[in-house]
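Source file: final_33.pdb (PDB, N, CA and C atoms, pLDDT in the B column)
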```pdb
ATOM      1  N   MET W   1       0.837  -1.188   0.000  1.00 93.00           N
ATOM      2  CA  MET W   1       0.000   0.000   0.000  1.00 93.00           C
ATOM      3  C   MET W   1       0.876   1.244   0.000  1.00 93.00           C
ATOM      4  N   LYS W   2       0.435   2.221  -0.740  1.00 94.00           N
ATOM      5  CA  LYS W   2       1.075   3.534  -0.791  1.00 94.00           C
ATOM      6  C   LYS W   2      -0.007   4.534  -0.448  1.00 94.00           C
ATOM      7  N   ALA W   3       0.046   5.061   0.768  1.00 92.00           N
ATOM      8  CA  ALA W   3      -0.964   6.015   1.221  1.00 92.00           C
ATOM      9  C   ALA W   3      -0.529   7.433   0.866  1.00 92.00           C
ATOM     10  N   THR W   4      -1.455   8.193   0.269  1.00 92.00           N
ATOM     11  CA  THR W   4      -1.162   9.550  -0.189  1.00 92.00           C
ATOM     12  C   THR W   4      -2.302  10.496   0.198  1.00 92.00           C
ATOM     13  N   LYS W   5      -2.225  11.708  -0.336  1.00 91.00           N
ATOM     14  CA  LYS W   5      -3.284  12.703  -0.107  1.00 91.00           C
ATOM     15  C   LYS W   5      -4.416  12.582  -1.124  1.00 91.00           C
ATOM     16  N   VAL W   6      -4.180  11.837  -2.195  1.00 92.00           N
ATOM     17  CA  VAL W   6      -5.195  11.674  -3.238  1.00 92.00           C
ATOM     18  C   VAL W   6      -5.623  10.216  -3.319  1.00 92.00           C
ATOM     19  N   ASP W   7      -6.705   9.948  -4.013  1.00 93.00           N
ATOM     20  CA  ASP W   7      -7.302   8.611  -4.013  1.00 93.00           C
ATOM     21  C   ASP W   7      -6.826   7.699  -5.138  1.00 93.00           C
ATOM     22  N   GLY W   8      -5.591   7.873  -5.579  1.00 96.00           N
ATOM     23  CA  GLY W   8      -5.049   7.008  -6.616  1.00 96.00           C
ATOM     24  C   GLY W   8      -4.028   7.727  -7.468  1.00 96.00           C
ATOM     25  N   ILE W   9      -3.742   7.125  -8.618  1.00 96.00           N
ATOM     26  CA  ILE W   9      -2.787   7.697  -9.567  1.00 96.00           C
ATOM     27  C   ILE W   9      -3.560   8.392 -10.669  1.00 96.00           C
ATOM     28  N   TYR W  10      -3.115   9.591 -10.993  1.00 96.00           N
ATOM     29  CA  TYR W  10      -3.784  10.428 -11.995  1.00 96.00           C
ATOM     30  C   TYR W  10      -2.857  10.745 -13.153  1.00 96.00           C
ATOM     31  N   THR W  11      -3.436  11.197 -14.242  1.00 94.00           N
ATOM     32  CA  THR W  11      -2.666  11.620 -15.411  1.00 94.00           C
ATOM     33  C   THR W  11      -1.858  12.877 -15.117  1.00 94.00           C
ATOM     34  N   ALA W  12      -2.273  13.645 -14.143  1.00 92.00           N
ATOM     35  CA  ALA W  12      -1.587  14.864 -13.702  1.00 92.00           C
ATOM     36  C   ALA W  12      -1.950  15.079 -12.233  1.00 92.00           C
ATOM     37  N   ASP W  13      -1.353  16.064 -11.613  1.00 90.00           N
ATOM     38  CA  ASP W  13      -1.657  16.353 -10.210  1.00 90.00           C
ATOM     39  C   ASP W  13      -3.101  16.845 -10.105  1.00 90.00           C
ATOM     40  N   PRO W  14      -3.995  16.078  -9.486  1.00 91.00           N
ATOM     41  CA  PRO W  14      -5.402  16.480  -9.422  1.00 91.00           C
ATOM     42  C   PRO W  14      -5.648  17.723  -8.569  1.00 91.00           C
ATOM     43  N   MET W  15      -4.690  18.078  -7.740  1.00 89.00           N
ATOM     44  CA  MET W  15      -4.839  19.286  -6.935  1.00 89.00           C
ATOM     45  C   MET W  15      -4.543  20.535  -7.759  1.00 89.00           C
ATOM     46  N   LYS W  16      -3.818  20.346  -8.873  1.00 93.00           N
ATOM     47  CA  LYS W  16      -3.472  21.462  -9.756  1.00 93.00           C
ATOM     48  C   LYS W  16      -4.244  21.439 -11.072  1.00 93.00           C
ATOM     49  N   ASP W  17      -4.639  20.252 -11.497  1.00 94.00           N
ATOM     50  CA  ASP W  17      -5.313  20.090 -12.787  1.00 94.00           C
ATOM     51  C   ASP W  17      -6.669  19.405 -12.584  1.00 94.00           C
ATOM     52  N   PRO W  18      -7.752  20.178 -12.618  1.00 92.00           N
ATOM     53  CA  PRO W  18      -9.084  19.590 -12.397  1.00 92.00           C
ATOM     54  C   PRO W  18      -9.509  18.602 -13.494  1.00 92.00           C
ATOM     55  N   LYS W  19      -8.811  18.601 -14.630  1.00 95.00           N
ATOM     56  CA  LYS W  19      -9.142  17.678 -15.717  1.00 95.00           C
ATOM     57  C   LYS W  19      -8.350  16.377 -15.637  1.00 95.00           C
ATOM     58  N   ALA W  20      -7.530  16.228 -14.611  1.00 95.00           N
ATOM     59  CA  ALA W  20      -6.738  15.007 -14.455  1.00 95.00           C
ATOM     60  C   ALA W  20      -7.661  13.805 -14.299  1.00 95.00           C
ATOM     61  N   LYS W  21      -7.293  12.723 -14.932  1.00 96.00           N
ATOM     62  CA  LYS W  21      -8.100  11.496 -14.889  1.00 96.00           C
ATOM     63  C   LYS W  21      -7.392  10.469 -14.014  1.00 96.00           C
ATOM     64  N   ARG W  22      -8.197   9.765 -13.211  1.00 96.00           N
ATOM     65  CA  ARG W  22      -7.655   8.745 -12.319  1.00 96.00           C
ATOM     66  C   ARG W  22      -7.634   7.389 -13.008  1.00 96.00           C
ATOM     67  N   PHE W  23      -6.572   6.649 -12.776  1.00 97.00           N
ATOM     68  CA  PHE W  23      -6.461   5.273 -13.263  1.00 97.00           C
ATOM     69  C   PHE W  23      -7.013   4.344 -12.185  1.00 97.00           C
ATOM     70  N   ASP W  24      -7.864   3.399 -12.567  1.00 96.00           N
ATOM     71  CA  ASP W  24      -8.311   2.356 -11.637  1.00 96.00           C
ATOM     72  C   ASP W  24      -7.216   1.309 -11.487  1.00 96.00           C
ATOM     73  N   ARG W  25      -6.518   1.079 -12.608  1.00 97.00           N
ATOM     74  CA  ARG W  25      -5.467   0.071 -12.663  1.00 97.00           C
ATOM     75  C   ARG W  25      -4.452   0.515 -13.703  1.00 97.00           C
ATOM     76  N   ILE W  26      -3.167   0.267 -13.450  1.00 96.00           N
ATOM     77  CA  ILE W  26      -2.124   0.609 -14.416  1.00 96.00           C
ATOM     78  C   ILE W  26      -0.963  -0.363 -14.228  1.00 96.00           C
ATOM     79  N   SER W  27      -0.263  -0.638 -15.311  1.00 95.00           N
ATOM     80  CA  SER W  27       0.898  -1.530 -15.222  1.00 95.00           C
ATOM     81  C   SER W  27       2.121  -0.727 -14.786  1.00 95.00           C
ATOM     82  N   TYR W  28       3.119  -1.436 -14.278  1.00 94.00           N
ATOM     83  CA  TYR W  28       4.365  -0.781 -13.896  1.00 94.00           C
ATOM     84  C   TYR W  28       4.951  -0.044 -15.096  1.00 94.00           C
ATOM     85  N   ARG W  29       4.979  -0.738 -16.222  1.00 92.00           N
ATOM     86  CA  ARG W  29       5.579  -0.167 -17.446  1.00 92.00           C
ATOM     87  C   ARG W  29       4.843   1.098 -17.899  1.00 92.00           C
ATOM     88  N   ASP W  30       3.506   1.061 -17.879  1.00 94.00           N
ATOM     89  CA  ASP W  30       2.746   2.246 -18.280  1.00 94.00           C
ATOM     90  C   ASP W  30       3.000   3.412 -17.328  1.00 94.00           C
ATOM     91  N   ALA W  31       3.089   3.133 -16.048  1.00 92.00           N
ATOM     92  CA  ALA W  31       3.360   4.194 -15.075  1.00 92.00           C
ATOM     93  C   ALA W  31       4.730   4.813 -15.341  1.00 92.00           C
ATOM     94  N   LEU W  32       5.714   3.979 -15.681  1.00 89.00           N
ATOM     95  CA  LEU W  32       7.048   4.498 -15.999  1.00 89.00           C
ATOM     96  C   LEU W  32       7.050   5.258 -17.314  1.00 89.00           C
ATOM     97  N   THR W  33       6.407   4.693 -18.342  1.00 90.00           N
ATOM     98  CA  THR W  33       6.367   5.317 -19.663  1.00 90.00           C
ATOM     99  C   THR W  33       5.687   6.680 -19.610  1.00 90.00           C
ATOM    100  N   LYS W  34       4.603   6.769 -18.855  1.00 91.00           N
ATOM    101  CA  LYS W  34       3.861   8.021 -18.746  1.00 91.00           C
ATOM    102  C   LYS W  34       4.499   8.981 -17.737  1.00 91.00           C
ATOM    103  N   GLN W  35       5.597   8.538 -17.111  1.00 89.00           N
ATOM    104  CA  GLN W  35       6.339   9.327 -16.126  1.00 89.00           C
ATOM    105  C   GLN W  35       5.442   9.820 -14.995  1.00 89.00           C
ATOM    106  N   LEU W  36       4.581   8.924 -14.515  1.00 90.00           N
ATOM    107  CA  LEU W  36       3.696   9.258 -13.402  1.00 90.00           C
ATOM    108  C   LEU W  36       4.477   9.161 -12.109  1.00 90.00           C
ATOM    109  N   LYS W  37       4.279  10.105 -11.236  1.00 84.00           N
ATOM    110  CA  LYS W  37       5.022  10.161  -9.976  1.00 84.00           C
ATOM    111  C   LYS W  37       4.311   9.310  -8.928  1.00 84.00           C
ATOM    112  N   VAL W  38       4.508   7.993  -9.007  1.00 83.00           N
ATOM    113  CA  VAL W  38       3.845   7.076  -8.096  1.00 83.00           C
ATOM    114  C   VAL W  38       4.537   7.078  -6.740  1.00 83.00           C
ATOM    115  N   MET W  39       5.839   6.856  -6.758  1.00 89.00           N
ATOM    116  CA  MET W  39       6.653   6.817  -5.553  1.00 89.00           C
ATOM    117  C   MET W  39       8.105   6.952  -5.985  1.00 89.00           C
ATOM    118  N   ASP W  40       9.044   6.951  -5.046  1.00 88.00           N
ATOM    119  CA  ASP W  40      10.428   7.127  -5.468  1.00 88.00           C
ATOM    120  C   ASP W  40      10.841   5.950  -6.360  1.00 88.00           C
ATOM    121  N   SER W  41      11.724   6.240  -7.291  1.00 85.00           N
ATOM    122  CA  SER W  41      12.037   5.269  -8.347  1.00 85.00           C
ATOM    123  C   SER W  41      12.656   3.974  -7.818  1.00 85.00           C
ATOM    124  N   THR W  42      13.440   4.040  -6.760  1.00 89.00           N
ATOM    125  CA  THR W  42      14.046   2.821  -6.218  1.00 89.00           C
ATOM    126  C   THR W  42      12.982   1.892  -5.652  1.00 89.00           C
ATOM    127  N   ALA W  43      12.073   2.422  -4.858  1.00 90.00           N
ATOM    128  CA  ALA W  43      10.997   1.611  -4.278  1.00 90.00           C
ATOM    129  C   ALA W  43      10.097   1.062  -5.381  1.00 90.00           C
ATOM    130  N   PHE W  44       9.801   1.889  -6.363  1.00 91.00           N
ATOM    131  CA  PHE W  44       8.956   1.453  -7.470  1.00 91.00           C
ATOM    132  C   PHE W  44       9.632   0.320  -8.241  1.00 91.00           C
ATOM    133  N   SER W  45      10.918   0.466  -8.528  1.00 89.00           N
ATOM    134  CA  SER W  45      11.661  -0.565  -9.258  1.00 89.00           C
ATOM    135  C   SER W  45      11.706  -1.878  -8.486  1.00 89.00           C
ATOM    136  N   LEU W  46      11.889  -1.801  -7.176  1.00 93.00           N
ATOM    137  CA  LEU W  46      11.897  -3.016  -6.358  1.00 93.00           C
ATOM    138  C   LEU W  46      10.553  -3.738  -6.432  1.00 93.00           C
ATOM    139  N   CYS W  47       9.473  -2.983  -6.364  1.00 94.00           N
ATOM    140  CA  CYS W  47       8.144  -3.590  -6.478  1.00 94.00           C
ATOM    141  C   CYS W  47       7.957  -4.228  -7.846  1.00 94.00           C
ATOM    142  N   MET W  48       8.377  -3.534  -8.886  1.00 94.00           N
ATOM    143  CA  MET W  48       8.221  -4.049 -10.240  1.00 94.00           C
ATOM    144  C   MET W  48       9.074  -5.302 -10.436  1.00 94.00           C
ATOM    145  N   ASP W  49      10.345  -5.261 -10.043  1.00 95.00           N
ATOM    146  CA  ASP W  49      11.246  -6.398 -10.240  1.00 95.00           C
ATOM    147  C   ASP W  49      10.784  -7.640  -9.484  1.00 95.00           C
ATOM    148  N   ASN W  50      10.157  -7.442  -8.338  1.00 96.00           N
ATOM    149  CA  ASN W  50       9.714  -8.570  -7.510  1.00 96.00           C
ATOM    150  C   ASN W  50       8.220  -8.852  -7.634  1.00 96.00           C
ATOM    151  N   GLN W  51       7.581  -8.198  -8.593  1.00 95.00           N
ATOM    152  CA  GLN W  51       6.149  -8.368  -8.871  1.00 95.00           C
ATOM    153  C   GLN W  51       5.291  -8.199  -7.616  1.00 95.00           C
ATOM    154  N   VAL W  52       5.578  -7.130  -6.869  1.00 96.00           N
ATOM    155  CA  VAL W  52       4.793  -6.785  -5.684  1.00 96.00           C
ATOM    156  C   VAL W  52       3.776  -5.728  -6.110  1.00 96.00           C
ATOM    157  N   PRO W  53       2.491  -6.039  -6.090  1.00 96.00           N
ATOM    158  CA  PRO W  53       1.488  -5.042  -6.491  1.00 96.00           C
ATOM    159  C   PRO W  53       1.465  -3.873  -5.513  1.00 96.00           C
ATOM    160  N   ILE W  54       1.099  -2.712  -6.027  1.00 96.00           N
ATOM    161  CA  ILE W  54       1.004  -1.493  -5.226  1.00 96.00           C
ATOM    162  C   ILE W  54      -0.422  -0.997  -5.311  1.00 96.00           C
ATOM    163  N   ILE W  55      -1.003  -0.665  -4.186  1.00 96.00           N
ATOM    164  CA  ILE W  55      -2.311  -0.016  -4.172  1.00 96.00           C
ATOM    165  C   ILE W  55      -2.090   1.395  -3.643  1.00 96.00           C
ATOM    166  N   VAL W  56      -2.367   2.382  -4.496  1.00 96.00           N
ATOM    167  CA  VAL W  56      -2.220   3.787  -4.116  1.00 96.00           C
ATOM    168  C   VAL W  56      -3.580   4.279  -3.667  1.00 96.00           C
ATOM    169  N   LEU W  57      -3.656   4.778  -2.422  1.00 96.00           N
ATOM    170  CA  LEU W  57      -4.949   5.174  -1.856  1.00 96.00           C
ATOM    171  C   LEU W  57      -4.814   6.421  -1.001  1.00 96.00           C
ATOM    172  N   ASN W  58      -5.951   7.032  -0.714  1.00 95.00           N
ATOM    173  CA  ASN W  58      -6.004   8.225   0.130  1.00 95.00           C
ATOM    174  C   ASN W  58      -5.999   7.781   1.594  1.00 95.00           C
ATOM    175  N   LEU W  59      -4.976   8.191   2.321  1.00 93.00           N
ATOM    176  CA  LEU W  59      -4.841   7.816   3.723  1.00 93.00           C
ATOM    177  C   LEU W  59      -5.938   8.427   4.588  1.00 93.00           C
ATOM    178  N   MET W  60      -6.423   9.589   4.223  1.00 93.00           N
ATOM    179  CA  MET W  60      -7.378  10.317   5.061  1.00 93.00           C
ATOM    180  C   MET W  60      -8.837   9.906   4.838  1.00 93.00           C
ATOM    181  N   ALA W  61      -9.112   9.178   3.770  1.00 92.00           N
ATOM    182  CA  ALA W  61     -10.494   8.754   3.510  1.00 92.00           C
ATOM    183  C   ALA W  61     -10.890   7.672   4.513  1.00 92.00           C
ATOM    184  N   LYS W  62     -12.047   7.835   5.076  1.00 91.00           N
ATOM    185  CA  LYS W  62     -12.543   6.928   6.124  1.00 91.00           C
ATOM    186  C   LYS W  62     -12.572   5.476   5.644  1.00 91.00           C
ATOM    187  N   ASP W  63     -11.986   4.609   6.438  1.00 93.00           N
ATOM    188  CA  ASP W  63     -12.012   3.149   6.240  1.00 93.00           C
ATOM    189  C   ASP W  63     -11.241   2.626   5.026  1.00 93.00           C
ATOM    190  N   ASN W  64     -10.417   3.449   4.364  1.00 93.00           N
ATOM    191  CA  ASN W  64      -9.712   2.963   3.176  1.00 93.00           C
ATOM    192  C   ASN W  64      -8.776   1.799   3.486  1.00 93.00           C
ATOM    193  N   ILE W  65      -8.027   1.884   4.575  1.00 92.00           N
ATOM    194  CA  ILE W  65      -7.103   0.802   4.922  1.00 92.00           C
ATOM    195  C   ILE W  65      -7.892  -0.479   5.174  1.00 92.00           C
ATOM    196  N   ARG W  66      -8.962  -0.385   5.922  1.00 94.00           N
ATOM    197  CA  ARG W  66      -9.799  -1.554   6.208  1.00 94.00           C
ATOM    198  C   ARG W  66     -10.356  -2.146   4.923  1.00 94.00           C
ATOM    199  N   LYS W  67     -10.807  -1.282   4.019  1.00 95.00           N
ATOM    200  CA  LYS W  67     -11.372  -1.753   2.752  1.00 95.00           C
ATOM    201  C   LYS W  67     -10.341  -2.536   1.934  1.00 95.00           C
ATOM    202  N   VAL W  68      -9.125  -2.033   1.882  1.00 93.00           N
ATOM    203  CA  VAL W  68      -8.077  -2.725   1.131  1.00 93.00           C
ATOM    204  C   VAL W  68      -7.785  -4.083   1.759  1.00 93.00           C
ATOM    205  N   VAL W  69      -7.670  -4.112   3.073  1.00 92.00           N
ATOM    206  CA  VAL W  69      -7.395  -5.370   3.771  1.00 92.00           C
ATOM    207  C   VAL W  69      -8.506  -6.393   3.516  1.00 92.00           C
ATOM    208  N   LEU W  70      -9.736  -5.918   3.399  1.00 95.00           N
ATOM    209  CA  LEU W  70     -10.863  -6.805   3.138  1.00 95.00           C
ATOM    210  C   LEU W  70     -11.036  -7.152   1.666  1.00 95.00           C
ATOM    211  N   GLY W  71     -10.133  -6.616   0.824  1.00 92.00           N
ATOM    212  CA  GLY W  71     -10.170  -6.959  -0.599  1.00 92.00           C
ATOM    213  C   GLY W  71     -11.083  -6.099  -1.441  1.00 92.00           C
ATOM    214  N   GLN W  72     -11.602  -5.014  -0.867  1.00 94.00           N
ATOM    215  CA  GLN W  72     -12.467  -4.120  -1.639  1.00 94.00           C
ATOM    216  C   GLN W  72     -11.630  -3.223  -2.536  1.00 94.00           C
ATOM    217  N   LYS W  73     -12.240  -2.776  -3.618  1.00 94.00           N
ATOM    218  CA  LYS W  73     -11.535  -1.934  -4.590  1.00 94.00           C
ATOM    219  C   LYS W  73     -11.416  -0.506  -4.058  1.00 94.00           C
ATOM    220  N   VAL W  74     -10.186  -0.073  -3.916  1.00 95.00           N
ATOM    221  CA  VAL W  74      -9.894   1.282  -3.433  1.00 95.00           C
ATOM    222  C   VAL W  74      -8.686   1.802  -4.219  1.00 95.00           C
ATOM    223  N   GLY W  75      -8.719   3.057  -4.621  1.00 96.00           N
ATOM    224  CA  GLY W  75      -7.566   3.684  -5.241  1.00 96.00           C
ATOM    225  C   GLY W  75      -7.184   3.088  -6.577  1.00 96.00           C
ATOM    226  N   THR W  76      -5.863   3.073  -6.834  1.00 97.00           N
ATOM    227  CA  THR W  76      -5.307   2.565  -8.090  1.00 97.00           C
ATOM    228  C   THR W  76      -4.409   1.372  -7.791  1.00 97.00           C
ATOM    229  N   LEU W  77      -4.579   0.325  -8.568  1.00 97.00           N
ATOM    230  CA  LEU W  77      -3.724  -0.863  -8.460  1.00 97.00           C
ATOM    231  C   LEU W  77      -2.631  -0.777  -9.518  1.00 97.00           C
ATOM    232  N   VAL W  78      -1.374  -0.938  -9.094  1.00 97.00           N
ATOM    233  CA  VAL W  78      -0.244  -1.009 -10.016  1.00 97.00           C
ATOM    234  C   VAL W  78       0.268  -2.436  -9.984  1.00 97.00           C
ATOM    235  N   SER W  79       0.282  -3.078 -11.149  1.00 95.00           N
ATOM    236  CA  SER W  79       0.769  -4.461 -11.239  1.00 95.00           C
ATOM    237  C   SER W  79       1.130  -4.743 -12.698  1.00 95.00           C
ATOM    238  N   ASP W  80       1.520  -5.986 -12.989  1.00 90.00           N
ATOM    239  CA  ASP W  80       1.829  -6.363 -14.383  1.00 90.00           C
ATOM    240  C   ASP W  80       0.577  -6.452 -15.205  1.00 90.00           C
TER
END
```
Output the structure of this file as structure tokens.
Amino acid sequence: MKATKVDGIYTADPMKDPKAKRFDRISYRDALTKQLKVMDSTAFSLCMDNQVPIIVLNLMAKDNIRKVVLGQKVGTLVSD
């Protein structure tokens, strides 16, 4: 899990660009190709190399951590 101020990964910073679109799911390669700022590159590369999925979610949204643990769809999933 990658907890942030926003509810997933967007095409641009949603706090600066109201037209930014959120991804429900994206591959590691697409996130790199589109140069999306998911997390620091070393941590991202380790997840990609070891096929560890990343769920990017809003830390402040009520019950998000619980929802993820219970397998509910929250935020953006990064995987192969």
For the provided coordinates, the residues matched by the PyMOL selection byres ((chain W and resi 56) around 6.5) should be stated as number ranges by chain. W: 1-4, 6-9, 54-55, 57-58, 74-78
Please identify the helix (DSSP H, G or I) residues within chain W (assignment by DSSP from backbone atoms) and present them as a VMD selection string. chain W and resid 28 to 33 41 to 49 64 to 69
Save out the residues we just selected, N, CA and C atoms, as a short mmCIF file (atom, residue, chain, number, x, y, z; two decimals), in the frame of the given file.
```cif
data_model
loop_
_atom_site.label_atom_id
_atom_site.label_comp_id
_atom_site.auth_asym_id
_atom_site.auth_seq_id
_atom_site.Cartn_x
_atom_site.Cartn_y
_atom_site.Cartn_z
N TYR W 28 3.12 -1.44 -14.28
CA TYR W 28 4.36 -0.78 -13.90
C TYR W 28 4.95 -0.04 -15.10
N ARG W 29 4.98 -0.74 -16.22
CA ARG W 29 5.58 -0.17 -17.45
C ARG W 29 4.84 1.10 -17.90
N ASP W 30 3.51 1.06 -17.88
CA ASP W 30 2.75 2.25 -18.28
C ASP W 30 3.00 3.41 -17.33
N ALA W 31 3.09 3.13 -16.05
CA ALA W 31 3.36 4.19 -15.08
C ALA W 31 4.73 4.81 -15.34
N LEU W 32 5.71 3.98 -15.68
CA LEU W 32 7.05 4.50 -16.00
C LEU W 32 7.05 5.26 -17.31
N THR W 33 6.41 4.69 -18.34
CA THR W 33 6.37 5.32 -19.66
C THR W 33 5.69 6.68 -19.61
N SER W 41 11.72 6.24 -7.29
CA SER W 41 12.04 5.27 -8.35
C SER W 41 12.66 3.97 -7.82
N THR W 42 13.44 4.04 -6.76
CA THR W 42 14.05 2.82 -6.22
C THR W 42 12.98 1.89 -5.65
N ALA W 43 12.07 2.42 -4.86
CA ALA W 43 11.00 1.61 -4.28
C ALA W 43 10.10 1.06 -5.38
N PHE W 44 9.80 1.89 -6.36
CA PHE W 44 8.96 1.45 -7.47
C PHE W 44 9.63 0.32 -8.24
N SER W 45 10.92 0.47 -8.53
CA SER W 45 11.66 -0.56 -9.26
C SER W 45 11.71 -1.88 -8.49
N LEU W 46 11.89 -1.80 -7.18
CA LEU W 46 11.90 -3.02 -6.36
C LEU W 46 10.55 -3.74 -6.43
N CYS W 47 9.47 -2.98 -6.36
CA CYS W 47 8.14 -3.59 -6.48
C CYS W 47 7.96 -4.23 -7.85
N MET W 48 8.38 -3.53 -8.89
CA MET W 48 8.22 -4.05 -10.24
C MET W 48 9.07 -5.30 -10.44
N ASP W 49 10.34 -5.26 -10.04
CA ASP W 49 11.25 -6.40 -10.24
C ASP W 49 10.78 -7.64 -9.48
N ASN W 64 -10.42 3.45 4.36
CA ASN W 64 -9.71 2.96 3.18
C ASN W 64 -8.78 1.80 3.49
N ILE W 65 -8.03 1.88 4.58
CA ILE W 65 -7.10 0.80 4.92
C ILE W 65 -7.89 -0.48 5.17
N ARG W 66 -8.96 -0.38 5.92
CA ARG W 66 -9.80 -1.55 6.21
C ARG W 66 -10.36 -2.15 4.92
N LYS W 67 -10.81 -1.28 4.02
CA LYS W 67 -11.37 -1.75 2.75
C LYS W 67 -10.34 -2.54 1.93
N VAL W 68 -9.12 -2.03 1.88
CA VAL W 68 -8.08 -2.72 1.13
C VAL W 68 -7.78 -4.08 1.76
N VAL W 69 -7.67 -4.11 3.07
CA VAL W 69 -7.40 -5.37 3.77
C VAL W 69 -8.51 -6.39 3.52
#
```
Would you compute an axis-aligned box for stretch 56-72 of chain W, covering every atom listed for it in the file with 5 Å of margin on each side, and report centre and edge lengths in Å to one decimal as lines of an AutoDock Vina configuration file?
```
center_x = -7.4
center_y = 1.6
center_z = 1.0
size_x = 20.4
size_y = 27.5
size_z = 20.9
```
Using Å and a single decimal, report how far atom CA of W:Lys5 sits from atom CA of W:Met60.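 That distance, rounded to one decimal, is 7.0 Å.
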Closest of W:Leu46, W:Leu32, W:Val68, W:Val38 to W:Tyr10 - atom-to-atom distances counting only N, CA and C atoms: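 Of the candidates, the smallest distance to W:Tyr10 is held by W:Val38.
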Identify all residues satisfying the PyMOL selection byres (((chain W and resi 48 and name CA) around 12) and name CA) in the given file; provide them as an mmCIF file with N, CA and C atoms, in the frame of the given file.
```cif
data_model
loop_
_atom_site.group_PDB
_atom_site.id
_atom_site.type_symbol
_atom_site.label_atom_id
_atom_site.label_comp_id
_atom_site.auth_asym_id
_atom_site.auth_seq_id
_atom_site.Cartn_x
_atom_site.Cartn_y
_atom_site.Cartn_z
ATOM 1 N N SER W 27 -0.263 -0.638 -15.311
ATOM 2 C CA SER W 27 0.898 -1.530 -15.222
ATOM 3 C C SER W 27 2.121 -0.727 -14.786
ATOM 4 N N TYR W 28 3.119 -1.436 -14.278
ATOM 5 C CA TYR W 28 4.365 -0.781 -13.896
ATOM 6 C C TYR W 28 4.951 -0.044 -15.096
ATOM 7 N N ARG W 29 4.979 -0.738 -16.222
ATOM 8 C CA ARG W 29 5.579 -0.167 -17.446
ATOM 9 C C ARG W 29 4.843 1.098 -17.899
ATOM 10 N N ASP W 30 3.506 1.061 -17.879
ATOM 11 C CA ASP W 30 2.746 2.246 -18.280
ATOM 12 C C ASP W 30 3.000 3.412 -17.328
ATOM 13 N N ALA W 31 3.089 3.133 -16.048
ATOM 14 C CA ALA W 31 3.360 4.194 -15.075
ATOM 15 C C ALA W 31 4.730 4.813 -15.341
ATOM 16 N N LEU W 32 5.714 3.979 -15.681
ATOM 17 C CA LEU W 32 7.048 4.498 -15.999
ATOM 18 C C LEU W 32 7.050 5.258 -17.314
ATOM 19 N N MET W 39 5.839 6.856 -6.758
ATOM 20 C CA MET W 39 6.653 6.817 -5.553
ATOM 21 C C MET W 39 8.105 6.952 -5.985
ATOM 22 N N SER W 41 11.724 6.240 -7.291
ATOM 23 C CA SER W 41 12.037 5.269 -8.347
ATOM 24 C C SER W 41 12.656 3.974 -7.818
ATOM 25 N N THR W 42 13.440 4.040 -6.760
ATOM 26 C CA THR W 42 14.046 2.821 -6.218
ATOM 27 C C THR W 42 12.982 1.892 -5.652
ATOM 28 N N ALA W 43 12.073 2.422 -4.858
ATOM 29 C CA ALA W 43 10.997 1.611 -4.278
ATOM 30 C C ALA W 43 10.097 1.062 -5.381
ATOM 31 N N PHE W 44 9.801 1.889 -6.363
ATOM 32 C CA PHE W 44 8.956 1.453 -7.470
ATOM 33 C C PHE W 44 9.632 0.320 -8.241
ATOM 34 N N SER W 45 10.918 0.466 -8.528
ATOM 35 C CA SER W 45 11.661 -0.565 -9.258
ATOM 36 C C SER W 45 11.706 -1.878 -8.486
ATOM 37 N N LEU W 46 11.889 -1.801 -7.176
ATOM 38 C CA LEU W 46 11.897 -3.016 -6.358
ATOM 39 C C LEU W 46 10.553 -3.738 -6.432
ATOM 40 N N CYS W 47 9.473 -2.983 -6.364
ATOM 41 C CA CYS W 47 8.144 -3.590 -6.478
ATOM 42 C C CYS W 47 7.957 -4.228 -7.846
ATOM 43 N N ASP W 49 10.345 -5.261 -10.043
ATOM 44 C CA ASP W 49 11.246 -6.398 -10.240
ATOM 45 C C ASP W 49 10.784 -7.640 -9.484
ATOM 46 N N ASN W 50 10.157 -7.442 -8.338
ATOM 47 C CA ASN W 50 9.714 -8.570 -7.510
ATOM 48 C C ASN W 50 8.220 -8.852 -7.634
ATOM 49 N N GLN W 51 7.581 -8.198 -8.593
ATOM 50 C CA GLN W 51 6.149 -8.368 -8.871
ATOM 51 C C GLN W 51 5.291 -8.199 -7.616
ATOM 52 N N VAL W 52 5.578 -7.130 -6.869
ATOM 53 C CA VAL W 52 4.793 -6.785 -5.684
ATOM 54 C C VAL W 52 3.776 -5.728 -6.110
ATOM 55 N N PRO W 53 2.491 -6.039 -6.090
ATOM 56 C CA PRO W 53 1.488 -5.042 -6.491
ATOM 57 C C PRO W 53 1.465 -3.873 -5.513
ATOM 58 N N ILE W 54 1.099 -2.712 -6.027
ATOM 59 C CA ILE W 54 1.004 -1.493 -5.226
ATOM 60 C C ILE W 54 -0.422 -0.997 -5.311
ATOM 61 N N VAL W 78 -1.374 -0.938 -9.094
ATOM 62 C CA VAL W 78 -0.244 -1.009 -10.016
ATOM 63 C C VAL W 78 0.268 -2.436 -9.984
ATOM 64 N N SER W 79 0.282 -3.078 -11.149
ATOM 65 C CA SER W 79 0.769 -4.461 -11.239
ATOM 66 C C SER W 79 1.130 -4.743 -12.698
ATOM 67 N N ASP W 80 1.520 -5.986 -12.989
ATOM 68 C CA ASP W 80 1.829 -6.363 -14.383
ATOM 69 C C ASP W 80 0.577 -6.452 -15.205
#
```
Between atom CA of W:Lys19 and atom CA of W:Leu36, what is the distance, to one decimal in Å?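 Atom-to-atom, atom CA of W:Lys19 to atom CA of W:Leu36, that is 15.5 Å.
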So which bits of chain W end up strand (DSSP E or B) when you DSSP the backbone, as a list in words?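 Put together, the selection reads Lys2, Ala3, Thr4, Ile9, Tyr10, Arg22, Phe23, Arg25, Ile26, Ser27, Ile54, Ile55, Val56, Leu57, Asn58, Thr76, Leu77, Val78 and Ser79 of chain W.
Each of W:Lys67, W:Ile26, W:Lys62, W:Lys37 was compared to W:Ala12 using all atoms listed in the file, and W:Lys37 turns out to be the nearest.
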Work out how far atom C of W:Ala20 is from atom C of W:Gln72, in Å to one decimal. 21.1 Å
